[in-house]
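J.: Below is a structure I'd like to ask you about.
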Amino acid sequence: QMQLVESGGGLVQAGGSLRLSCEASERTSRTYTMGWFRQAPGKEREFVAAIRGSDSRTSYADSAKGRFTITRENAKNTVHLQLNSLKSEDTAVYYCAVDTRSGSIVYYTVFQEERYNYWGQGTQVTVSS
């Protein structure tokens with residue numbers, strides 16, 4: 001059973017930056033799609049970014065484009081999310097997720113929670129205005 005542990009969250013002023021990391025407990029194949037989601041207080045969890053296992057192509061939510069960058073280090077079983085130009089509305093718990101199933105691409109896009117079968121416990125990001 002793969003375990004994911006996020007780190008790097010914290011309190012930052014608006015306009016600041018944070019780098020989130022998510023380390024897997026076992027080797028993350030290059031074929032795995034890895035993603036980040038977030039959940040703000042009183043809101044549903046939403047997609048933030050993903051990096052596909054098939055071709056390392058990245059996808060971002062509109063709110064993240066131009067400010068956030070997702071990268072992966074397969075040798076370290078780690079995926080990162082660089083958060084720049086943070087806004088108060090970015091305040092949320094950020095979760096990383098991994099899709100290890102070869103067939104899930106048929107049913108779900110990277111934007112959907114159902115695509116991912118392993119989730120981390122989340123890391124809090126708080127942006128003060």
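Chain identifiers are assigned as A, B, and so on, following the order in which chains appear in the structure tokens; residues are numbered from 1 within each chain, and ligands are numbered from 1 in order of appearance.
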Any idea what's packed within 9 Å of stretch 103-110 of chain A, counting only C-alpha atoms, ignoring anything in its chain fewer than 4 positions away? Could you give it as a PyMOL selection string?

T.: chain A and resi 33-35+47+49-52+59+99+114-116

J.: Considering only C-alpha atoms, can you say which of A:Glu46, A:Leu11, A:Glu26, A:Arg101 comes closest to A:Thr126?

T.: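 Closest to A:Thr126 of all the choices is A:Leu11.
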